[in-house]
>>> print(open('query.cif').read())   # mmCIF, C-alpha atoms
data_upload
loop_
_atom_site.label_atom_id
_atom_site.label_comp_id
_atom_site.auth_asym_id
_atom_site.auth_seq_id
_atom_site.Cartn_x
_atom_site.Cartn_y
_atom_site.Cartn_z
CA MET A 1042 32.81 -10.49 0.98
CA LEU A 1043 32.74 -8.86 -2.45
CA GLU A 1044 30.58 -5.74 -2.45
CA LYS A 1045 27.92 -5.58 -5.17
CA LYS A 1046 25.23 -3.02 -5.91
CA ILE A 1047 21.50 -3.65 -6.16
CA PHE A 1048 18.65 -1.45 -7.35
CA ILE A 1049 14.97 -2.24 -6.85
CA LYS A 1050 12.25 -0.39 -8.75
CA THR A 1051 8.94 -0.80 -6.92
CA PHE A 1052 5.52 -0.58 -8.54
CA GLY A 1053 2.12 -0.46 -6.86
CA CYS A 1054 1.05 -0.71 -3.28
CA GLN A 1055 2.62 -0.07 0.13
CA MET A 1056 3.02 -3.83 0.59
CA ASN A 1057 5.36 -3.89 -2.41
CA GLU A 1058 7.38 -1.09 -0.78
CA TYR A 1059 7.61 -3.14 2.39
CA ASP A 1060 8.62 -6.24 0.39
CA SER A 1061 11.34 -4.32 -1.45
CA ASN A 1062 12.80 -3.12 1.85
CA ARG A 1063 12.85 -6.69 3.16
CA ILE A 1064 14.58 -7.93 -0.01
CA TYR A 1065 17.26 -5.29 0.57
CA ASP A 1066 17.64 -6.56 4.14
CA SER A 1067 18.05 -10.14 2.89
CA VAL A 1068 20.53 -9.59 0.05
CA SER A 1069 22.76 -7.46 2.27
CA LYS A 1070 23.88 -10.80 3.72
CA LEU A 1071 25.40 -11.57 0.29
CA GLY A 1072 27.31 -8.28 0.23
CA TYR A 1073 24.81 -6.36 -1.89
CA ILE A 1074 24.46 -2.69 -1.04
CA LYS A 1075 21.57 -0.46 -2.05
CA THR A 1076 22.20 2.04 -4.85
CA THR A 1077 19.98 4.85 -6.09
CA ASN A 1078 21.86 4.95 -9.41
CA GLN A 1079 19.93 2.74 -11.81
CA SER A 1080 22.83 2.48 -14.26
CA GLU A 1081 25.40 0.95 -11.88
CA ALA A 1082 23.55 -2.05 -10.46
CA ASP A 1083 24.97 -5.57 -10.46
CA CYS A 1084 21.44 -6.78 -9.73
CA TYR A 1085 18.30 -5.00 -10.94
CA ILE A 1086 14.92 -6.01 -9.52
CA LEU A 1087 11.51 -4.95 -10.79
CA ASN A 1088 9.00 -5.50 -7.98
CA THR A 1089 5.77 -5.53 -9.92
CA CYS A 1090 2.05 -4.98 -9.32
CA HIS A 1091 -0.77 -6.68 -11.25
CA ILE A 1092 -3.71 -4.54 -10.07
CA ARG A 1093 -3.76 -1.84 -12.72
CA ASP A 1094 -4.30 -1.97 -16.47
CA LYS A 1095 -1.48 -3.12 -18.79
CA ALA A 1096 0.73 -4.17 -15.84
CA LYS A 1097 2.52 -6.81 -17.94
CA ASP A 1098 3.18 -4.37 -20.81
CA LYS A 1099 4.70 -1.89 -18.35
CA VAL A 1100 7.18 -4.54 -17.20
CA TYR A 1101 8.34 -5.27 -20.77
CA HIS A 1102 8.61 -1.55 -21.46
CA GLU A 1103 10.74 -1.14 -18.33
CA ILE A 1104 13.03 -4.00 -19.35
CA GLY A 1105 13.48 -2.35 -22.76
CA ARG A 1106 14.58 0.82 -20.97
CA ILE A 1107 17.04 -1.13 -18.81
CA LYS A 1108 18.53 -2.80 -21.90
CA LYS A 1109 19.32 0.64 -23.33
CA LEU A 1110 20.74 1.76 -19.99
CA TYR A 1111 23.21 -1.14 -19.97
CA ARG A 1112 23.86 -1.34 -23.71
CA ASN A 1113 27.60 -0.75 -23.34
CA LYS A 1114 27.95 -2.20 -19.86
CA GLN A 1115 27.97 -5.50 -18.05
CA LYS A 1116 24.38 -6.78 -17.93
CA PRO A 1117 22.93 -6.85 -14.39
CA VAL A 1118 21.23 -9.92 -12.95
CA MET A 1119 17.69 -9.14 -14.08
CA VAL A 1120 14.99 -10.16 -11.60
CA VAL A 1121 11.25 -9.71 -12.12
CA ALA A 1122 9.49 -10.09 -8.77
CA GLY A 1123 6.00 -9.50 -7.41
CA CYS A 1124 2.50 -10.16 -8.65
CA VAL A 1125 3.12 -9.89 -12.41
CA ALA A 1126 5.95 -12.41 -11.98
CA GLN A 1127 3.54 -14.73 -10.16
CA ALA A 1128 0.82 -14.43 -12.80
CA GLU A 1129 2.98 -14.52 -15.93
CA ASN A 1130 6.01 -16.56 -14.83
CA GLU A 1131 6.67 -19.07 -17.64
CA GLU A 1132 5.49 -16.75 -20.40
CA MET A 1133 7.86 -13.98 -19.24
CA LEU A 1134 10.90 -16.26 -19.27
CA LYS A 1135 10.05 -17.44 -22.79
CA ARG A 1136 9.24 -14.00 -24.17
CA GLU A 1137 12.10 -11.97 -22.65
CA PRO A 1138 15.57 -13.61 -22.61
CA TYR A 1139 16.97 -10.62 -20.69
CA ILE A 1140 15.17 -11.86 -17.55
CA ASP A 1141 17.31 -14.14 -15.36
CA ILE A 1142 15.06 -14.78 -12.36
CA ILE A 1143 11.29 -14.81 -11.84
CA LEU A 1144 10.34 -14.42 -8.18
CA GLY A 1145 6.77 -14.59 -6.86
CA PRO A 1146 5.72 -12.54 -3.80
CA GLN A 1147 5.55 -15.63 -1.55
CA SER A 1148 9.08 -16.71 -2.50
CA TYR A 1149 11.13 -13.65 -1.51
CA HIS A 1150 12.92 -15.67 1.16
CA LYS A 1151 14.58 -17.63 -1.66
CA VAL A 1152 16.17 -14.59 -3.30
CA ASN A 1153 19.62 -15.14 -1.74
CA ASN A 1154 19.84 -18.75 -2.92
CA LEU A 1155 18.69 -17.79 -6.42
CA LEU A 1156 21.33 -15.06 -6.64
CA LYS A 1157 24.05 -17.39 -5.33
CA LYS A 1158 23.12 -20.02 -7.93
CA HIS A 1159 22.91 -17.53 -10.78
CA THR A 1160 25.23 -18.12 -13.73
CA LEU A 1161 25.16 -16.85 -17.30
CA ASN A 1162 22.18 -18.18 -19.30
CA LEU A 1163 20.64 -19.92 -16.26
CA LYS A 1164 16.94 -19.10 -16.00
CA GLN A 1165 15.37 -19.56 -12.57
CA GLU A 1166 11.75 -19.33 -11.44
CA GLU A 1167 10.25 -19.47 -7.94
CA THR A 1168 6.52 -18.87 -7.67
CA GLU A 1169 5.32 -21.34 -5.05
CA PHE A 1170 2.87 -20.14 -2.40
CA ASP A 1171 5.12 -20.56 0.62
CA THR A 1172 3.93 -17.75 2.89
CA ILE A 1173 4.74 -19.43 6.21
CA SER A 1174 8.34 -20.18 5.18
CA LYS A 1175 8.74 -16.67 3.80
CA PHE A 1176 7.71 -14.92 7.00
CA GLY A 1177 9.59 -17.47 9.09
CA TYR A 1178 12.76 -16.56 7.18
CA PHE A 1179 12.26 -12.81 7.45
CA ASP A 1180 11.43 -13.05 11.16
CA ASP A 1181 15.16 -13.78 11.61
CA VAL A 1182 16.31 -10.94 9.31
CA LYS A 1183 16.46 -7.59 11.09
CA ASN A 1184 14.31 -4.91 9.50
CA LYS A 1185 16.71 -2.03 8.83
CA ASP A 1186 14.12 0.42 7.53
CA ASN A 1187 14.84 3.72 9.31
CA LYS A 1188 12.07 5.89 7.92
CA ILE A 1189 10.00 8.05 10.27
CA SER A 1190 6.86 6.55 8.73
CA ALA A 1191 7.30 2.80 8.29
CA PHE A 1192 5.27 -0.02 6.78
CA LEU A 1193 4.77 -3.37 8.50
CA THR A 1194 3.02 -6.30 6.80
CA ILE A 1195 0.88 -8.30 9.24
CA GLN A 1196 -1.33 -10.23 6.82
CA GLU A 1197 -1.16 -11.42 3.22
CA GLY A 1198 -3.47 -13.00 0.71
CA CYS A 1199 -7.21 -12.97 0.24
CA ASP A 1200 -10.07 -15.45 0.58
CA LYS A 1201 -12.79 -13.06 -0.65
CA PHE A 1202 -12.47 -13.79 -4.39
CA CYS A 1203 -14.01 -10.57 -5.67
CA HIS A 1204 -14.69 -11.31 -9.33
CA PHE A 1205 -12.50 -8.46 -10.59
CA CYS A 1206 -9.46 -9.11 -8.38
CA VAL A 1207 -6.29 -11.07 -9.10
CA VAL A 1208 -4.89 -10.97 -5.53
CA PRO A 1209 -6.05 -14.49 -4.48
CA TYR A 1210 -4.14 -15.86 -7.50
CA THR A 1211 -0.97 -13.82 -7.01
CA ARG A 1212 -0.73 -13.59 -3.21
CA GLY A 1213 -2.55 -16.78 -2.27
CA PRO A 1214 -4.94 -17.48 0.63
CA GLU A 1215 -5.22 -15.27 3.71
CA TYR A 1216 -2.36 -15.71 6.17
CA SER A 1217 -1.82 -13.80 9.42
CA ARG A 1218 1.62 -13.53 10.96
CA PRO A 1219 2.15 -14.60 14.58
CA PHE A 1220 1.26 -11.78 16.98
CA ASN A 1221 4.62 -11.78 18.78
CA LYS A 1222 6.56 -11.73 15.48
CA VAL A 1223 4.66 -8.64 14.36
CA ILE A 1224 5.35 -6.94 17.69
CA ASN A 1225 9.06 -7.88 17.52
CA GLU A 1226 9.36 -6.27 14.09
CA ALA A 1227 7.41 -3.21 15.24
CA GLU A 1228 9.91 -2.83 18.08
CA GLN A 1229 12.78 -3.00 15.57
CA LEU A 1230 11.16 -0.24 13.50
CA ILE A 1231 10.59 1.95 16.56
CA GLU A 1232 14.21 1.39 17.61
CA ASN A 1233 15.26 2.42 14.07
CA GLY A 1234 13.37 5.71 14.48
CA ALA A 1235 9.84 4.98 13.23
CA ARG A 1236 7.33 7.33 14.81
CA GLU A 1237 4.44 6.13 12.67
CA ILE A 1238 3.68 2.54 11.69
CA THR A 1239 1.18 1.55 9.01
CA LEU A 1240 0.02 -2.05 9.40
CA LEU A 1241 -0.42 -3.67 5.99
CA GLY A 1242 -2.43 -6.49 4.49
CA GLN A 1243 -4.49 -7.28 1.42
CA ASN A 1244 -7.30 -7.66 3.97
CA VAL A 1245 -5.57 -6.13 6.94
CA ASN A 1246 -8.64 -6.14 9.19
CA ALA A 1247 -9.06 -9.87 8.55
CA TYR A 1248 -5.92 -10.36 10.65
CA SER A 1249 -6.50 -13.32 12.97
CA TYR A 1250 -3.82 -15.27 14.78
CA LYS A 1251 -4.75 -17.96 17.29
CA GLU A 1252 -2.40 -19.16 20.02
CA ASN A 1253 -3.15 -21.04 23.26
CA SER A 1254 -6.92 -20.73 22.70
CA LYS A 1255 -6.66 -16.94 22.34
CA GLU A 1256 -7.39 -15.09 19.11
CA TYR A 1257 -5.39 -11.96 18.31
CA ARG A 1258 -7.00 -9.51 15.92
CA LEU A 1259 -6.03 -6.16 14.42
CA SER A 1260 -7.51 -4.40 17.46
CA HIS A 1261 -5.07 -6.28 19.73
CA LEU A 1262 -2.12 -5.13 17.65
CA ILE A 1263 -3.31 -1.51 17.73
CA ASN A 1264 -3.89 -1.61 21.49
CA HIS A 1265 -0.46 -3.16 22.08
CA LEU A 1266 1.35 -0.61 19.88
CA GLU A 1267 -0.41 2.15 21.81
CA LYS A 1268 1.92 1.36 24.75
CA TYR A 1269 5.15 2.47 23.02
CA SER A 1270 5.82 6.07 24.00
CA GLU A 1271 8.19 6.71 21.06
CA LEU A 1272 5.46 5.72 18.59
CA LYS A 1273 3.21 8.68 17.81
CA ARG A 1274 0.83 7.38 15.15
CA ILE A 1275 -0.77 4.12 14.00
CA ARG A 1276 -2.50 3.46 10.68
CA TYR A 1277 -3.63 0.38 8.75
CA THR A 1278 -4.56 -0.46 5.15
CA THR A 1279 -6.27 -1.95 3.17
CA SER A 1280 -9.43 -3.03 4.96
CA HIS A 1281 -12.60 -4.79 3.81
CA PRO A 1282 -16.10 -3.79 4.99
CA ARG A 1283 -16.89 -7.41 5.91
CA ASP A 1284 -14.05 -7.40 8.47
CA MET A 1285 -14.82 -4.06 10.10
CA THR A 1286 -15.58 -5.70 13.45
CA GLU A 1287 -16.95 -4.04 16.58
CA ASP A 1288 -13.64 -4.40 18.46
CA LEU A 1289 -11.83 -2.59 15.64
CA ILE A 1290 -14.44 0.15 15.47
CA GLN A 1291 -14.09 0.68 19.23
CA CYS A 1292 -10.34 1.24 18.80
CA TYR A 1293 -11.24 4.69 17.47
CA SER A 1294 -12.55 5.63 20.89
CA LEU A 1295 -9.89 3.78 22.92
CA SER A 1296 -6.67 4.55 21.05
CA SER A 1297 -5.09 8.02 21.10
CA LYS A 1298 -2.56 7.05 18.40
CA LEU A 1299 -4.87 5.48 15.81
CA MET A 1300 -5.35 8.16 13.18
CA PRO A 1301 -8.94 9.27 12.40
CA PHE A 1302 -8.63 8.29 8.76
CA VAL A 1303 -10.27 5.14 7.37
CA HIS A 1304 -9.44 3.78 3.93
CA LEU A 1305 -12.34 1.41 3.31
CA PRO A 1306 -12.92 0.40 -0.32
CA ILE A 1307 -16.57 0.08 -1.32
CA GLN A 1308 -15.94 -0.20 -5.14
CA SER A 1309 -19.53 0.75 -6.12
CA GLY A 1310 -22.59 2.50 -4.70
CA SER A 1311 -24.93 -0.02 -6.36
CA ASN A 1312 -25.96 -3.17 -4.50
CA LYS A 1313 -26.55 -4.90 -7.84
CA ILE A 1314 -22.97 -4.22 -8.93
CA LEU A 1315 -21.58 -5.17 -5.51
CA GLU A 1316 -23.32 -8.54 -5.86
CA LEU A 1317 -21.95 -8.99 -9.39
CA MET A 1318 -18.50 -8.18 -8.00
CA ASN A 1319 -18.95 -10.77 -5.21
CA ARG A 1320 -18.06 -8.12 -2.64
CA LYS A 1321 -20.13 -9.79 0.13
CA HIS A 1322 -21.34 -6.46 1.56
CA THR A 1323 -24.08 -3.97 0.71
CA VAL A 1324 -24.17 -0.19 0.58
CA GLU A 1325 -26.32 -0.31 3.74
CA ASP A 1326 -23.60 -2.35 5.52
CA TYR A 1327 -21.07 0.26 4.51
CA LEU A 1328 -23.21 3.20 5.65
CA LYS A 1329 -23.75 1.52 9.03
CA ILE A 1330 -19.95 1.35 9.55
CA TYR A 1331 -19.62 4.96 8.45
CA GLU A 1332 -22.31 6.12 10.87
CA GLN A 1333 -20.84 4.11 13.78
CA LEU A 1334 -17.40 5.62 13.29
CA LYS A 1335 -18.74 9.13 12.83
CA GLU A 1336 -20.70 8.75 16.05
CA ILE A 1337 -17.51 7.73 17.89
CA ASN A 1338 -15.53 10.63 16.42
CA ASN A 1339 -17.03 13.15 14.02
CA GLU A 1340 -13.51 14.10 12.82
CA ILE A 1341 -12.97 10.69 11.22
CA GLU A 1342 -12.65 10.96 7.44
CA PHE A 1343 -13.05 8.20 4.84
CA SER A 1344 -11.32 7.37 1.60
CA SER A 1345 -12.29 4.56 -0.74
CA ASP A 1346 -11.72 2.75 -4.04
CA PHE A 1347 -14.18 2.89 -6.92
CA ILE A 1348 -14.36 0.75 -10.05
CA ILE A 1349 -16.34 2.57 -12.72
CA GLY A 1350 -17.86 0.85 -15.75
CA TYR A 1351 -17.96 -2.64 -14.26
CA PRO A 1352 -19.67 -5.11 -16.63
CA GLY A 1353 -23.44 -4.74 -16.23
CA GLU A 1354 -23.27 -1.19 -14.82
CA THR A 1355 -26.34 0.77 -15.98
CA GLN A 1356 -26.94 4.49 -15.74
CA LYS A 1357 -28.95 3.87 -12.55
CA ASP A 1358 -26.09 1.86 -11.02
CA PHE A 1359 -23.74 4.72 -11.78
CA GLU A 1360 -26.16 7.25 -10.30
CA ASP A 1361 -26.28 5.15 -7.13
CA THR A 1362 -22.49 5.49 -6.89
CA HIS A 1363 -22.65 9.22 -7.57
CA ASN A 1364 -25.34 9.62 -4.89
CA LEU A 1365 -23.15 7.81 -2.38
CA LEU A 1366 -20.44 10.41 -3.00
CA LYS A 1367 -22.94 13.05 -1.92
CA LYS A 1368 -23.69 11.18 1.32
CA ILE A 1369 -20.05 10.53 2.22
CA LYS A 1370 -17.46 13.17 1.39
CA PHE A 1371 -14.62 10.76 0.65
CA ILE A 1372 -11.12 12.22 0.62
CA ASN A 1373 -7.94 10.84 -1.02
CA SER A 1374 -9.89 8.15 -2.90
CA PHE A 1375 -8.85 6.07 -5.90
CA SER A 1376 -11.09 5.59 -8.92
CA PHE A 1377 -10.50 3.68 -12.16
CA ILE A 1378 -12.35 2.33 -15.15
CA PHE A 1379 -12.77 -1.44 -14.90
CA SER A 1380 -9.99 -3.33 -16.66
CA PRO A 1381 -10.16 -7.13 -16.83
CA ARG A 1382 -7.43 -9.10 -15.06
CA PRO A 1383 -6.57 -12.44 -16.68
CA GLY A 1384 -7.89 -15.43 -14.76
CA THR A 1385 -10.62 -13.57 -12.89
CA LYS A 1386 -14.36 -14.22 -13.40
CA ALA A 1387 -14.98 -10.63 -14.50
CA SER A 1388 -12.45 -11.01 -17.34
CA LYS A 1389 -14.99 -13.19 -19.17
CA LEU A 1390 -17.79 -10.61 -18.93
CA GLU A 1391 -18.84 -8.19 -21.65
CA MET A 1392 -17.38 -4.72 -21.18
CA ILE A 1393 -19.62 -1.66 -21.31
CA ASP A 1394 -18.92 1.06 -23.86
CA ARG A 1395 -15.52 2.59 -23.11
CA ASN A 1396 -16.64 6.15 -23.88
CA ILE A 1397 -19.56 5.84 -21.45
CA ALA A 1398 -17.19 4.51 -18.78
CA LYS A 1399 -14.79 7.42 -19.37
CA GLU A 1400 -17.58 9.97 -19.00
CA ARG A 1401 -18.75 8.35 -15.76
CA LEU A 1402 -15.22 8.26 -14.37
CA LYS A 1403 -14.83 11.95 -15.18
CA LEU A 1404 -17.93 12.79 -13.12
CA VAL A 1405 -16.83 10.63 -10.20
CA GLN A 1406 -13.32 12.05 -10.13
CA GLU A 1407 -14.64 15.59 -10.39
CA LYS A 1408 -16.67 14.98 -7.24
CA LEU A 1409 -13.85 13.18 -5.41
CA PHE A 1410 -11.27 15.81 -6.32
CA ASN A 1411 -13.61 18.60 -5.23
CA ASN A 1412 -13.94 16.83 -1.87
CA GLN A 1413 -10.15 16.87 -1.52
CA ILE A 1414 -9.92 20.51 -2.48
CA GLU A 1415 -12.69 21.49 -0.03
CA LYS A 1416 -11.14 19.49 2.82
CA ASN A 1417 -7.72 21.04 2.26
CA LYS A 1418 -9.25 24.51 1.88
CA SER A 1419 -11.05 24.08 5.22
CA MET A 1420 -7.68 23.72 6.96
CA GLU A 1421 -6.29 27.02 5.70
CA ASN A 1422 -5.62 29.56 8.48
CA SER A 1423 -5.75 26.81 11.08
CA THR A 1424 -2.86 25.23 13.00
CA ILE A 1425 -2.56 21.46 12.63
CA GLU A 1426 -0.29 18.70 13.89
CA VAL A 1427 2.18 17.33 11.36
CA LEU A 1428 4.51 14.35 11.75
CA VAL A 1429 7.69 15.60 10.07
CA GLU A 1430 9.30 12.89 7.92
CA ASN A 1431 12.17 14.50 6.03
CA LYS A 1432 13.75 17.56 4.44
CA LEU A 1433 13.02 18.14 0.76
CA ASP A 1434 15.99 17.87 -1.59
CA LYS A 1435 17.74 21.15 -2.37
CA GLN A 1436 15.15 23.15 -0.42
CA ASN A 1437 14.96 24.59 3.05
CA LYS A 1438 11.54 23.02 3.38
CA PHE A 1439 10.27 19.98 5.20
CA PHE A 1440 7.74 17.28 4.41
CA GLY A 1441 5.25 15.65 6.73
CA ARG A 1442 1.67 14.46 6.90
CA ASN A 1443 -1.37 15.47 8.90
CA LYS A 1444 -3.69 13.00 10.63
CA TYR A 1445 -5.59 12.45 7.36
CA ILE A 1446 -2.33 11.42 5.58
CA SER A 1447 -2.35 14.60 3.47
CA PRO A 1448 1.13 15.89 2.55
CA VAL A 1449 2.24 19.11 4.27
CA ILE A 1450 5.20 21.24 3.14
CA PHE A 1451 6.59 23.96 5.40
CA GLU A 1452 9.77 25.75 6.39
CA GLY A 1453 11.48 24.33 9.46
CA SER A 1454 14.74 22.86 10.71
CA ASP A 1455 16.34 19.44 11.04
CA CYS A 1456 15.41 19.26 14.72
CA HIS A 1457 11.75 18.79 13.75
CA ILE A 1458 12.33 15.52 11.84
CA GLY A 1459 10.64 12.66 13.64
CA LYS A 1460 8.53 14.95 15.78
CA ILE A 1461 4.98 16.27 15.74
CA ALA A 1462 5.18 19.91 14.70
CA ARG A 1463 2.42 22.51 14.90
CA VAL A 1464 2.07 24.06 11.46
CA LYS A 1465 -0.17 26.91 10.43
CA ILE A 1466 -1.66 26.19 7.01
CA ILE A 1467 -1.39 29.18 4.68
CA SER A 1468 -2.50 27.70 1.35
CA SER A 1469 -3.42 24.43 -0.32
CA ASN A 1470 -4.13 22.66 -3.57
CA GLN A 1471 -5.91 19.39 -4.32
CA ASN A 1472 -3.13 17.19 -2.94
CA THR A 1473 -0.94 19.27 -0.63
CA LEU A 1474 -1.08 21.70 2.29
CA PHE A 1475 1.49 24.50 2.59
CA GLY A 1476 2.29 26.23 5.84
CA SER A 1477 4.68 27.80 8.28
CA LEU A 1478 5.89 26.53 11.61
CA ASN A 1479 4.00 27.73 14.65
CA LYS A 1480 7.05 28.88 16.62
CA LYS A 1481 5.09 29.46 19.80
CA LYS A 1482 4.58 25.71 20.15
CA ARG A 1483 7.50 23.31 20.49
CA ALA A 1484 7.55 20.08 18.49
CA ALA A 1485 6.50 17.03 20.50
#
>>> encode(input="query.cif", output="structure tokens")
Amino acid sequence: MLEKKIFIKTFGCQMNEYDSNRIYDSVSKLGYIKTTNQSEADCYILNTCHIRDKAKDKVYHEIGRIKKLYRNKQKPVMVVAGCVAQAENEEMLKREPYIDIILGPQSYHKVNNLLKKHTLNLKQEETEFDTISKFGYFDDVKNKDNKISAFLTIQEGCDKFCHFCVVPYTRGPEYSRPFNKVINEAEQLIENGAREITLLGQNVNAYSYKENSKEYRLSHLINHLEKYSELKRIRYTTSHPRDMTEDLIQCYSLSSKLMPFVHLPIQSGSNKILELMNRKHTVEDYLKIYEQLKEINNEIEFSSDFIIGYPGETQKDFEDTHNLLKKIKFINSFSFIFSPRPGTKASKLEMIDRNIAKERLKLVQEKLFNNQIEKNKSMENSTIEVLVENKLDKQNKFFGRNKYISPVIFEGSDCHIGKIARVKIISSNQNTLFGSLNKKKRAA
């Protein structure tokens, strides 16, 4: 089999990272090997994300850069995959002749056939919603990801139809993978060396698989993964407040491996705006979940997503959001000014003044960033547990994360990789903790 090189540039969320890894697993059957050198690829894939502003423009800009990179070389097979490909498929093929293949996120199982069929000047497009076939195909392709912290998609798509969100149109309706298939893949990852698994889904806590009159939910997956001694930590993202069920909440008291960190997007602190967004939950619903979890374990911390300047947002609505930040000290949160996504209901609404939105975002981020700084500062001079993931390039320092997913950098040795190390935190900044190994305690 002729050996060829493939490079995938991944944009956006953890699910895209997982998808890129699975594409690598699939194309290896055709003799493609992964390269980190962008200028030597026989096949170049852009795995795109449609959530943020100007996503389409970023893809065209990236293709322009690739054209320059290969100006005096053989052109690679150019594949645009992911959510931008799904949303803009026909237009992209017409506008950019350099693209050879358009591949939607529910058609990744067809990548090998598309590459085998590829010939000069043949344009191919696959953007059907074929989630069941996709996962059925990848169930038979071994997951070769050997990272200490691994991602595992258990659910895709969304039935919520928030008015600002493009996911239902790019990822399709909610689909939950069979329970045993998820467990089989988790076992592969653990065998490969994973010591932490993050379960992924657009609405991960909406996971629901029924078999023989029994329903399996996210809590069942967490409780099952708890049994594997080699696995040290379990996480999940992204969750929706509507699906924060009692059985999942109770996992935080029953599971020793589920990390006390909850990423639960609220989007706004105003009930009026939440209704306009079609979020199907209220601020009071959210606070009830927060209080329940805090009662179970006061060390649980929250992060969230906030859309600032949503159409119709008044000064009072913004103040409601700002007041919520005072009630809940969110850490590691994401906040953005509203940007309309084509095809969504909110894209037809009148935008508020951009300068007002910018000023509001500045105040929100100032509060959120201060929360991060304070949380990290509070860990200085204490010894914390860190799952060590890798050694930093060209440094005698190692990288890991604490239970709140915050990055930790410290001096250590290769023997700590894949283990829980006790690290004394010496200093910190907004994003990162810096420390030294507690040599009195052996890594677990």
>>> resolve_selection(input="query.cif", expression="the PyMOL selection byres ((chain A and resi 1213-1215) around 7)", output="list of chain:residue names")
A:Phe1170, A:Glu1197, A:Gly1198, A:Cys1199, A:Asp1200, A:Pro1209, A:Tyr1210, A:Thr1211, A:Arg1212, A:Tyr1216, A:Ser1217
>>> closest_residue(input="query.cif", among="A:Ala1387, A:Glu1271, A:Leu1110, A:Ile1369", to="Asn1319 of chain A", atoms="all atoms listed in the file")
A:Ala1387
>>> closest_residue(input="query.cif", among="A:Lys1444, A:Lys1273, A:Arg1063, A:Lys1070", to="Leu1193 of chain A", atoms="only C-alpha atoms")
A:Arg1063
>>> atom_distance(input="query.cif", atom1="atom CA of Gln1196 of chain A", atom2="atom CA of Asn1244 of chain A")
7.1 Å
>>> resolve_selection(input="query.cif", expression="the PyMOL selection byres ((chain A and resi 1453) around 12)", output="MDAnalysis selection string")
chainID A and resid 1427 1429:1433 1436:1441 1449:1452 1454:1458 1460 1462:1465 1476:1480 1483:1484
>>> residues_around(input="query.cif", residues="Ser1388 of chain A", least_positions_apart="2", cutoff="12 Å", atoms="all atoms listed in the file", output="list in words")
Cys1203, His1204, Phe1205, Cys1206, Val1207, Met1318, Tyr1351, Pro1352, Phe1379, Ser1380, Pro1381, Arg1382, Pro1383, Gly1384, Thr1385, Lys1386, Leu1390, Glu1391 and Met1392 of chain A
>>> write_last_selection(input="query.cif", atoms="C-alpha atoms", output="compact mmCIF listing (two decimals), in the frame of the given file")
# COMPACT_ATOMS: atom_id res chain seq x y z
CA CYS A 1203 -14.01 -10.57 -5.67
CA HIS A 1204 -14.69 -11.31 -9.33
CA PHE A 1205 -12.50 -8.46 -10.59
CA CYS A 1206 -9.46 -9.11 -8.38
CA VAL A 1207 -6.29 -11.07 -9.10
CA MET A 1318 -18.50 -8.18 -8.00
CA TYR A 1351 -17.96 -2.64 -14.26
CA PRO A 1352 -19.67 -5.11 -16.63
CA PHE A 1379 -12.77 -1.44 -14.90
CA SER A 1380 -9.99 -3.33 -16.66
CA PRO A 1381 -10.16 -7.13 -16.83
CA ARG A 1382 -7.43 -9.10 -15.06
CA PRO A 1383 -6.57 -12.44 -16.68
CA GLY A 1384 -7.89 -15.43 -14.76
CA THR A 1385 -10.62 -13.57 -12.89
CA LYS A 1386 -14.36 -14.22 -13.40
CA LEU A 1390 -17.79 -10.61 -18.93
CA GLU A 1391 -18.84 -8.19 -21.65
CA MET A 1392 -17.38 -4.72 -21.18
>>> resolve_selection(input="query.cif", expression="the PyMOL selection byres ((chain A and resi 1468) around 9)", output="JSON list (two decimals) with C-alpha atoms, in the frame of the given file")
[["chain", "number", "residue", "atom", "x", "y", "z"],
["A", 1417, "ASN", "CA", -7.72, 21.04, 2.26],
["A", 1418, "LYS", "CA", -9.25, 24.51, 1.88],
["A", 1420, "MET", "CA", -7.68, 23.72, 6.96],
["A", 1421, "GLU", "CA", -6.29, 27.02, 5.70],
["A", 1422, "ASN", "CA", -5.62, 29.56, 8.48],
["A", 1466, "ILE", "CA", -1.66, 26.19, 7.01],
["A", 1467, "ILE", "CA", -1.39, 29.18, 4.68],
["A", 1469, "SER", "CA", -3.42, 24.43, -0.32],
["A", 1470, "ASN", "CA", -4.13, 22.66, -3.57],
["A", 1473, "THR", "CA", -0.94, 19.27, -0.63],
["A", 1474, "LEU", "CA", -1.08, 21.70, 2.29],
["A", 1475, "PHE", "CA", 1.49, 24.50, 2.59],
["A", 1476, "GLY", "CA", 2.29, 26.23, 5.84]]
>>> closest_residue(input="query.cif", among="A:Asn1221, A:Glu1228, A:Arg1283, A:Leu1134", to="Lys1201 of chain A", atoms="all atoms listed in the file")
A:Arg1283
>>> closest_residue(input="query.cif", among="A:Arg1258, A:Arg1093, A:Leu1366, A:Ile1143", to="Ile1378 of chain A", atoms="all atoms listed in the file")
A:Arg1093
>>> closest_residue(input="query.cif", among="A:Gly1459, A:Gly1177, A:Gly1053, A:Pro1282", to="Ile1330 of chain A", atoms="all atoms listed in the file")
A:Pro1282
>>> residues_around(input="query.cif", residues="Gln1356 of chain A", least_positions_apart="3", cutoff="12 Å", atoms="only C-alpha atoms", output="list in words")
Ser1311, Ile1314, Ile1349, Gly1350, Tyr1351, Gly1353, Phe1359, Glu1360, Asp1361, Thr1362, His1363, Ile1393, Asp1394, Ile1397, Ala1398, Glu1400 and Arg1401 of chain A
>>> residues_around(input="query.cif", residues="Asn1225 of chain A", least_positions_apart="2", cutoff="12 Å", atoms="all atoms listed in the file", output="ChimeraX atom specification")
/A:1179-1184,1193,1195,1218-1223,1227-1232,1262,1265-1266
>>> atom_distance(input="query.cif", atom1="atom CA of Gln1115 of chain A", atom2="atom CA of Tyr1059 of chain A")
28.9 Å
